[in-house]
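Q: Structure: my_file_2.txt, compact mmCIF, C-alpha atoms.
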# COMPACT_ATOMS: atom_id res chain seq x y z
CA MET A 1 21.31 -4.49 -6.53
CA PRO A 2 19.29 -5.56 -3.51
CA GLU A 3 16.35 -3.44 -4.67
CA GLU A 4 15.95 -5.71 -7.68
CA ALA A 5 15.98 -8.73 -5.44
CA LEU A 6 13.21 -7.15 -3.43
CA SER A 7 11.22 -6.39 -6.59
CA ARG A 8 11.48 -10.03 -7.59
CA VAL A 9 10.06 -11.09 -4.25
CA PHE A 10 7.16 -8.66 -4.60
CA ALA A 11 6.50 -9.78 -8.17
CA ALA A 12 6.69 -13.46 -7.23
CA LEU A 13 4.09 -12.96 -4.50
CA SER A 14 1.74 -10.91 -6.64
CA ASP A 15 0.23 -13.99 -8.30
CA PRO A 16 -2.69 -15.65 -6.45
CA ILE A 17 -1.59 -19.22 -7.27
CA ARG A 18 1.96 -18.51 -6.11
CA ARG A 19 0.68 -16.92 -2.92
CA ASP A 20 -1.44 -19.99 -2.32
CA MET A 21 1.51 -22.28 -2.97
CA VAL A 22 3.59 -20.31 -0.48
CA ALA A 23 0.81 -20.55 2.10
CA ARG A 24 0.66 -24.33 1.65
CA LEU A 25 4.43 -24.67 1.84
CA ALA A 26 4.30 -22.81 5.13
CA ASP A 27 2.64 -25.94 6.55
CA SER A 28 5.07 -28.46 5.14
CA ASP A 29 7.39 -29.25 2.24
CA ALA A 30 5.69 -30.72 -0.85
CA THR A 31 6.56 -32.17 -4.23
CA VAL A 32 5.60 -30.52 -7.50
CA ASN A 33 2.87 -33.10 -8.05
CA GLU A 34 1.44 -32.53 -4.59
CA LEU A 35 1.50 -28.79 -5.17
CA ALA A 36 -0.24 -29.15 -8.55
CA GLU A 37 -3.11 -31.27 -7.22
CA PRO A 38 -5.63 -28.63 -6.14
CA TYR A 39 -5.19 -26.39 -9.18
CA ASP A 40 -6.79 -26.68 -12.56
CA VAL A 41 -3.47 -26.21 -14.31
CA SER A 42 -0.78 -28.53 -15.65
CA VAL A 43 2.17 -29.73 -13.60
CA GLN A 44 4.25 -27.84 -16.12
CA ALA A 45 2.51 -24.57 -15.26
CA VAL A 46 3.05 -25.24 -11.58
CA SER A 47 6.73 -25.86 -12.29
CA LYS A 48 6.87 -22.47 -13.96
CA HIS A 49 5.35 -20.81 -10.90
CA LEU A 50 7.86 -22.66 -8.74
CA LYS A 51 10.71 -21.37 -10.88
CA VAL A 52 9.54 -17.79 -10.24
CA LEU A 53 9.39 -18.44 -6.49
CA GLU A 54 12.78 -20.12 -6.62
CA ASP A 55 14.39 -17.23 -8.53
CA ALA A 56 13.01 -14.83 -5.96
CA GLY A 57 14.63 -16.91 -3.23
CA LEU A 58 11.32 -17.74 -1.61
CA VAL A 59 11.57 -21.50 -2.05
CA SER A 60 14.33 -24.02 -2.59
CA ARG A 61 14.46 -27.62 -3.83
CA SER A 62 16.93 -30.21 -2.72
CA ARG A 63 19.11 -31.29 -5.63
CA ASP A 64 19.74 -34.86 -4.59
CA ALA A 65 16.63 -36.35 -3.02
CA GLN A 66 14.50 -38.22 -5.52
CA ARG A 67 11.23 -36.52 -4.64
CA ARG A 68 12.93 -33.13 -4.71
CA PRO A 69 10.47 -31.62 -2.25
CA VAL A 70 9.94 -27.85 -2.35
CA HIS A 71 10.90 -26.01 0.80
CA LEU A 72 9.77 -22.55 1.84
CA GLU A 73 12.57 -20.16 2.80
CA ALA A 74 10.56 -18.69 5.61
CA GLU A 75 13.15 -16.11 6.58
CA VAL A 76 12.84 -14.22 3.30
CA PHE A 77 9.09 -14.38 3.46
CA ASP A 78 9.00 -13.15 7.06
CA LEU A 79 11.16 -10.14 6.19
CA MET A 80 8.89 -9.14 3.30
CA THR A 81 5.78 -9.59 5.34
CA LYS A 82 7.26 -7.52 8.12
CA TRP A 83 7.97 -4.62 5.77
CA ILE A 84 4.55 -4.58 4.20
CA GLU A 85 2.81 -5.09 7.53
CA ARG A 86 4.74 -2.18 8.99
CA TYR A 87 3.66 0.01 6.06
CA ARG A 88 0.09 -1.19 6.40
CA ARG A 89 0.05 -0.44 10.10
CA GLN A 90 1.20 3.12 9.47
CA ALA A 91 -1.67 3.57 7.01
CA GLU A 92 -4.06 2.02 9.53
CA ASP A 93 -2.84 4.40 12.28
CA ARG A 94 -3.37 7.32 9.91
CA TYR A 95 -6.91 6.21 9.10
CA ARG A 96 -7.75 5.66 12.76
CA ARG A 97 -6.87 9.32 13.27
CA LEU A 98 -9.17 10.09 10.34
CA ASP A 99 -11.91 8.02 12.03
CA ASP A 100 -11.57 10.33 15.05
CA VAL A 101 -11.72 13.45 12.86
CA LEU A 102 -14.83 12.13 11.07
CA ARG A 103 -16.51 11.49 14.43
CA SER A 104 -15.71 15.03 15.56
CA MET A 105 -17.17 16.67 12.44
CA PRO A 106 -20.65 18.16 12.92
CA GLU A 107 -23.49 15.87 11.92
CA ASP A 108 -25.62 18.48 10.15
CA ASP A 109 -22.72 19.30 7.88
CA GLN A 110 -22.70 15.73 6.74
CA GLN A 111 -26.45 15.69 6.13
CA ARG A 112 -26.44 18.99 4.32
CA ARG A 113 -23.76 17.88 1.92
CA ALA A 114 -25.25 14.44 1.45
CA LYS A 115 -28.57 16.00 0.50
CA ARG A 116 -26.97 18.43 -1.87
CA THR A 117 -25.01 15.76 -3.68
CA THR A 118 -27.23 12.69 -3.61
CA SER A 119 -30.89 13.67 -3.48
CA LYS A 120 -31.68 16.79 -5.38
CA THR A 121 -35.34 15.83 -5.43
CA ARG A 122 -35.76 16.35 -1.71
CA LYS A 123 -36.89 19.80 -0.71
CA GLU A 124 -35.02 19.93 2.55
CA THR A 125 -33.57 23.31 3.29
CA ARG A 126 -32.32 22.70 6.79
CA ARG A 127 -28.89 24.22 7.27
CA MET B 1 1.01 -9.16 -2.47
CA THR B 2 -1.95 -8.37 -0.28
CA THR B 3 -2.00 -8.10 3.44
CA MET B 4 -5.55 -8.12 4.67
CA THR B 5 -7.06 -7.68 8.05
CA HIS B 6 -10.49 -6.34 8.88
CA GLU B 7 -9.16 -2.87 8.22
CA THR B 8 -6.60 -1.21 5.95
CA GLU B 9 -5.62 -3.35 2.99
CA ILE B 10 -2.42 -2.86 1.01
CA THR B 11 -1.86 -4.21 -2.48
CA ALA B 12 1.36 -4.06 -4.50
CA ASP B 13 1.04 -4.89 -8.20
CA ASP B 14 3.61 -6.80 -10.27
CA LYS B 15 2.74 -5.19 -13.63
CA VAL B 16 2.97 -1.51 -12.72
CA PRO B 17 4.75 0.14 -9.77
CA VAL B 18 1.70 0.99 -7.71
CA ILE B 19 0.66 0.70 -4.10
CA ARG B 20 -3.06 0.50 -3.47
CA ILE B 21 -4.54 1.19 -0.05
CA THR B 22 -8.18 0.40 0.69
CA ARG B 23 -10.05 1.35 3.83
CA GLU B 24 -13.71 1.73 4.82
CA PHE B 25 -15.09 4.50 7.01
CA ASP B 26 -18.25 4.88 9.08
CA ALA B 27 -19.09 8.19 7.38
CA PRO B 28 -20.55 9.15 4.00
CA PRO B 29 -18.29 10.16 1.06
CA ALA B 30 -19.03 13.87 1.49
CA LYS B 31 -17.59 13.82 4.99
CA VAL B 32 -14.53 11.72 4.16
CA PHE B 33 -13.91 13.92 1.11
CA ARG B 34 -14.07 17.05 3.25
CA ALA B 35 -11.56 15.62 5.71
CA HIS B 36 -9.19 15.40 2.71
CA THR B 37 -9.83 18.85 1.24
CA ASP B 38 -10.15 21.05 4.35
CA PRO B 39 -6.54 21.77 5.42
CA GLY B 40 -7.58 22.27 9.04
CA LEU B 41 -9.09 18.79 9.14
CA LEU B 42 -6.33 17.21 7.06
CA ALA B 43 -3.66 18.44 9.49
CA GLN B 44 -5.44 16.57 12.28
CA TRP B 45 -4.92 13.12 10.80
CA LEU B 46 -2.43 12.98 7.93
CA GLY B 47 0.86 13.17 9.80
CA PRO B 48 2.09 10.81 12.52
CA ARG B 49 1.23 11.93 16.04
CA ASP B 50 4.83 12.71 16.94
CA LEU B 51 5.11 15.16 14.03
CA GLU B 52 3.58 18.60 13.96
CA MET B 53 1.96 19.34 10.62
CA THR B 54 1.80 22.83 9.14
CA VAL B 55 -0.12 23.40 5.92
CA ASN B 56 1.79 26.12 4.04
CA ASN B 57 -0.70 26.42 1.20
CA PHE B 58 -3.59 24.29 0.09
CA ASP B 59 -5.51 25.22 -3.04
CA CYS B 60 -7.58 22.08 -3.37
CA ARG B 61 -9.21 22.43 -6.77
CA THR B 62 -8.45 21.16 -10.26
CA GLY B 63 -5.20 22.87 -11.30
CA GLY B 64 -4.38 23.93 -7.73
CA ALA B 65 -1.32 23.11 -5.63
CA TYR B 66 -0.36 22.34 -2.05
CA ARG B 67 2.63 22.36 0.27
CA TYR B 68 2.92 21.22 3.86
CA THR B 69 5.60 20.63 6.46
CA HIS B 70 5.99 17.95 9.10
CA ARG B 71 8.12 19.06 12.04
CA ARG B 72 9.73 17.06 14.81
CA GLY B 73 11.94 19.28 16.97
CA GLU B 74 14.59 20.70 14.66
CA ASP B 75 13.77 18.34 11.80
CA GLU B 76 11.50 19.47 8.99
CA PHE B 77 10.09 17.34 6.20
CA ARG B 78 8.40 19.26 3.40
CA PHE B 79 6.02 17.85 0.83
CA TYR B 80 4.33 19.43 -2.16
CA GLY B 81 2.30 18.63 -5.23
CA SER B 82 -0.46 19.63 -7.63
CA PHE B 83 -4.13 18.83 -7.72
CA HIS B 84 -4.95 17.51 -11.18
CA GLU B 85 -8.60 16.67 -10.69
CA VAL B 86 -10.81 17.44 -7.73
CA ARG B 87 -14.37 16.13 -8.08
CA PRO B 88 -16.49 16.67 -4.95
CA ASP B 89 -17.22 13.53 -2.92
CA GLU B 90 -15.81 11.27 -5.65
CA LEU B 91 -12.22 11.74 -6.68
CA ILE B 92 -8.95 13.57 -6.01
CA VAL B 93 -6.06 13.15 -8.45
CA GLN B 94 -2.83 14.72 -7.23
CA THR B 95 0.94 14.51 -7.42
CA PHE B 96 3.06 14.04 -4.31
CA THR B 97 6.74 14.86 -3.85
CA TYR B 98 9.05 14.84 -0.83
CA GLU B 99 11.24 17.93 -1.08
CA GLY B 100 14.29 15.87 -0.08
CA VAL B 101 13.88 13.81 -3.26
CA PRO B 102 12.66 16.38 -5.81
CA ASP B 103 13.04 14.04 -8.81
CA GLY B 104 10.70 11.53 -7.23
CA VAL B 105 6.99 12.00 -7.74
CA ALA B 106 3.96 9.86 -7.06
CA LEU B 107 0.72 10.25 -9.00
CA GLU B 108 -2.14 9.50 -6.63
CA TRP B 109 -5.83 8.77 -7.08
CA ALA B 110 -8.10 8.95 -4.05
CA GLN B 111 -11.51 7.45 -4.88
CA PHE B 112 -14.45 7.87 -2.52
CA GLU B 113 -17.08 5.20 -3.04
CA ALA B 114 -20.45 5.27 -1.30
CA LEU B 115 -21.38 2.06 0.54
CA ASP B 116 -24.65 1.09 2.23
CA ASP B 117 -25.58 2.62 5.58
CA GLY B 118 -23.78 5.90 4.85
CA ARG B 119 -20.35 4.32 4.78
CA THR B 120 -17.45 5.00 2.42
CA ARG B 121 -14.78 2.91 0.79
CA LEU B 122 -11.61 4.92 0.17
CA THR B 123 -9.15 3.56 -2.39
CA VAL B 124 -5.83 5.37 -2.74
CA THR B 125 -3.64 4.31 -5.67
CA SER B 126 -0.06 5.62 -5.82
CA LEU B 127 1.92 5.24 -9.04
CA VAL B 128 5.67 5.89 -9.10
CA ALA B 129 8.32 5.70 -11.84
CA SER B 130 9.95 2.38 -10.99
CA PHE B 131 9.54 -0.76 -8.94
CA GLU B 132 12.70 0.18 -7.02
CA GLU B 133 11.07 3.44 -5.96
CA ARG B 134 7.84 1.66 -5.09
CA ASP B 135 9.61 -0.94 -2.98
CA ALA B 136 11.69 1.73 -1.29
CA ILE B 137 8.43 3.43 -0.28
CA LEU B 138 6.92 0.17 0.92
CA SER B 139 9.98 -0.63 2.99
CA SER B 140 10.32 2.95 4.28
CA GLY B 141 8.20 1.88 7.24
CA MET B 142 11.34 0.36 8.62
CA ALA B 143 12.57 3.81 9.58
CA HIS B 144 15.76 2.42 10.98
CA GLY B 145 17.91 0.02 9.11
CA VAL B 146 16.31 -0.07 5.69
CA ARG B 147 19.80 -0.52 4.30
CA GLU B 148 20.48 -3.28 6.78
CA GLY B 149 17.19 -4.78 5.77
CA TYR B 150 18.20 -4.82 2.13
CA GLU B 151 21.57 -6.24 2.99
CA LYS B 152 20.00 -8.92 5.06
CA LEU B 153 17.50 -9.73 2.34
CA ASP B 154 20.26 -9.85 -0.24
CA GLU B 155 22.20 -12.22 1.95
CA LEU B 156 19.17 -14.44 2.46
CA LEU B 157 18.41 -14.50 -1.24
CA ARG B 158 21.97 -15.48 -2.03
CA LYS B 159 21.77 -18.26 0.49
CA ALA B 160 18.36 -19.41 -0.68
CA SER B 161 18.77 -19.46 -4.44
CA GLY B 162 22.42 -20.46 -4.66
CA SER B 163 22.61 -18.42 -7.87
CA ALA B 164 21.71 -14.98 -6.66
CA ARG B 165 21.13 -12.69 -9.60
CA THR B 166 21.79 -9.54 -7.71
CA ASN B 167 23.88 -7.31 -9.89
Write out the structure in this file as structure tokens.

A:
Amino acid sequence: MPEEALSRVFAALSDPIRRDMVARLADSDATVNELAEPYDVSVQAVSKHLKVLEDAGLVSRSRDAQRRPVHLEAEVFDLMTKWIERYRRQAEDRYRRLDDVLRSMPEDDQQRRAKRTTSKTRKETRR
Amino acid sequence: MTTMTHETEITADDKVPVIRITREFDAPPAKVFRAHTDPGLLAQWLGPRDLEMTVNNFDCRTGGAYRYTHRRGEDEFRFYGSFHEVRPDELIVQTFTYEGVPDGVALEWAQFEALDDGRTRLTVTSLVASFEERDAILSSGMAHGVREGYEKLDELLRKASGSARTN
């Protein structure tokens, strides 16, 4: 089922180290050792992260070359990013409309409610 | 994964099927809360501009319910749910269902957090029953060709991993 494949991609990218690895691989291919360098974790742990990314189809490793550099499958990543960005933009559009609504709401209403809920000690009665 | 710009932020978790949306507003919590609980105000921003929104009923209090309709020409999209907890200027817990998919339901928390200078951080967390449902919602932005999108992704994954585990 393609939905499961998509879930794997989401899950693979939910980890901060894996996201960082993907970001670095976007610049250039790298070996496991090179990828492990900046992190305070074992090469073995990095290999595990790579396996998750590989299973999700986000990265690949050449079978023959001795260094077996890791390569980012940018196409898969682009597709994911596009989906989430599209969803995000819809939310952003919605909240820009809310920005407009908030600007159009009367100011004294805001103050009245703020006083009622946050500063009961003040004796303001302005309505 | 997280997509962040200076504005709306979306987070999808890998442990539980949730989508979290975070956004800050130049207005205090009381005002942002009211824009969520006053149906007249809600109708002005919730739906896309090309859809006309009609609020059929809106009993925004703990134990209350709501129903609204988005209309574009002949097409109608109806949504409904229950309010489980409504705490002024702080929290709204509600369910959300699209009438076309009555078995699907999202449980949503809208938290209104006061920031300095009379600003508000809104965090909306949506929990659904499965990751498949969650990802379908996330990808629903691609109004056209979601299926094609999946097919294309599937194809790419096959190509990329060599041993695609798609069932």

Q: Looking at all atoms listed in the file, which of B:Phe96, B:Phe112, B:Gly104, B:Phe79 is the one that sits closest to Glu132 (chain B)?

A: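 Result for the nearest residue to Glu132 (chain B): B:Gly104.
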
Q: Measure the distance from CA of Ser126 (chain B) to CA of Phe83 (chain B) in Å and round it to one decimal.

A: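 Interatomic distance, CA of Ser126 (chain B) to CA of Phe83 (chain B): 14.0 Å.
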
Q: Quick one, how far is CA of Lys15 (chain B) from CA of Ser130 (chain B)?

A: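 About the pair CA of Lys15 (chain B) and CA of Ser130 (chain B): they are 10.8 Å apart.
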
Q: Can you tell me, as a PyMOL selection string, which residues sit within 12 Å of (-12.4, 11.6, 15.2) in the file's frame, using only C-alpha atoms?

A: (chain A and resi 94-106) or (chain B and resi 25-27+31-32+35+41-42+44-45)

Q: Ranking A:Leu13, A:Val41, A:Ala30, A:Leu25 by minimum distance to chain B and counting only C-alpha atoms, which one comes first?

A: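 So, comparing all the options, the nearest one is A:Leu13.
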
Q: Find the spatial neighbours of region 56-61 of chain B, counting all atoms listed in the file, within a cut-off of 9 Å - ignore same-chain residues fewer than 2 positions away - and output them as a PyMOL selection string.

A: chain B and resi 37-39+54+63-69+82-87+92

Q: Keeping C-alpha atoms, export the residues of the selection given above as a PDB file, in the frame of the given file.

A:
ATOM      1  CA  THR B  37      -9.830  18.850   1.240  1.00  0.00           C
ATOM      2  CA  ASP B  38     -10.150  21.050   4.350  1.00  0.00           C
ATOM      3  CA  PRO B  39      -6.540  21.770   5.420  1.00  0.00           C
ATOM      4  CA  THR B  54       1.800  22.830   9.140  1.00  0.00           C
ATOM      5  CA  GLY B  63      -5.200  22.870 -11.300  1.00  0.00           C
ATOM      6  CA  GLY B  64      -4.380  23.930  -7.730  1.00  0.00           C
ATOM      7  CA  ALA B  65      -1.320  23.110  -5.630  1.00  0.00           C
ATOM      8  CA  TYR B  66      -0.360  22.340  -2.050  1.00  0.00           C
ATOM      9  CA  ARG B  67       2.630  22.360   0.270  1.00  0.00           C
ATOM     10  CA  TYR B  68       2.920  21.220   3.860  1.00  0.00           C
ATOM     11  CA  THR B  69       5.600  20.630   6.460  1.00  0.00           C
ATOM     12  CA  SER B  82      -0.460  19.630  -7.630  1.00  0.00           C
ATOM     13  CA  PHE B  83      -4.130  18.830  -7.720  1.00  0.00           C
ATOM     14  CA  HIS B  84      -4.950  17.510 -11.180  1.00  0.00           C
ATOM     15  CA  GLU B  85      -8.600  16.670 -10.690  1.00  0.00           C
ATOM     16  CA  VAL B  86     -10.810  17.440  -7.730  1.00  0.00           C
ATOM     17  CA  ARG B  87     -14.370  16.130  -8.080  1.00  0.00           C
ATOM     18  CA  ILE B  92      -8.950  13.570  -6.010  1.00  0.00           C
TER      19      ILE B  92
END

Q: Go ahead and compute the interatomic distance for CA of Ser42 (chain A) and CA of Arg8 (chain A), in Å to one decimal.

A: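 CA of Arg8 (chain A) lies at a distance of 23.6 Å from CA of Ser42 (chain A).
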
Q: Set the distance at 10 Å and use all atoms listed in the file: which residues neighbour Val52 (chain A) once local chain neighbours fewer than 6 positions away are removed? I'd like the list as a PyMOL selection string.

A: chain A and resi 8-9+11-13+18+46+58-59

Q: Contacts of Tyr87 (chain A) at 7 Å or less, counting all atoms listed in the file, minus same-chain residues fewer than 3 places along, as a VMD selection string?

A: (chain A and resid 83 to 84 90 to 91) or (chain B and resid 138 141)

Q: Considering all atoms listed in the file, return as a short mmCIF file (atom, residue, chain, number, x, y, z; two decimals) with C-alpha atoms, in the frame of the given file whatever protein or nucleic-acid residues lie within 6 Å of Arg23 (chain B), sequence-local ones (same chain, fewer than 4 positions apart) excluded.

A:
data_model
loop_
_atom_site.label_atom_id
_atom_site.label_comp_id
_atom_site.auth_asym_id
_atom_site.auth_seq_id
_atom_site.Cartn_x
_atom_site.Cartn_y
_atom_site.Cartn_z
CA THR B 8 -6.60 -1.21 5.95
CA ARG B 121 -14.78 2.91 0.79
CA LEU B 122 -11.61 4.92 0.17
#

Q: What would the list of residues within 10 Å of (8.3, 1.6, -9.9) (file frame) look like as a PyMOL selection string, if all atoms listed in the file are what count?

A: (chain A and resi 7) or (chain B and resi 13-19+106+127-137)

Q: Calculated over all atoms listed in the file, which of the candidates A:Arg24, A:Arg61, A:Arg67, A:His49 has the smallest distance to chain B?

A: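 Of all the options, A:Arg61 lies closest to chain B.
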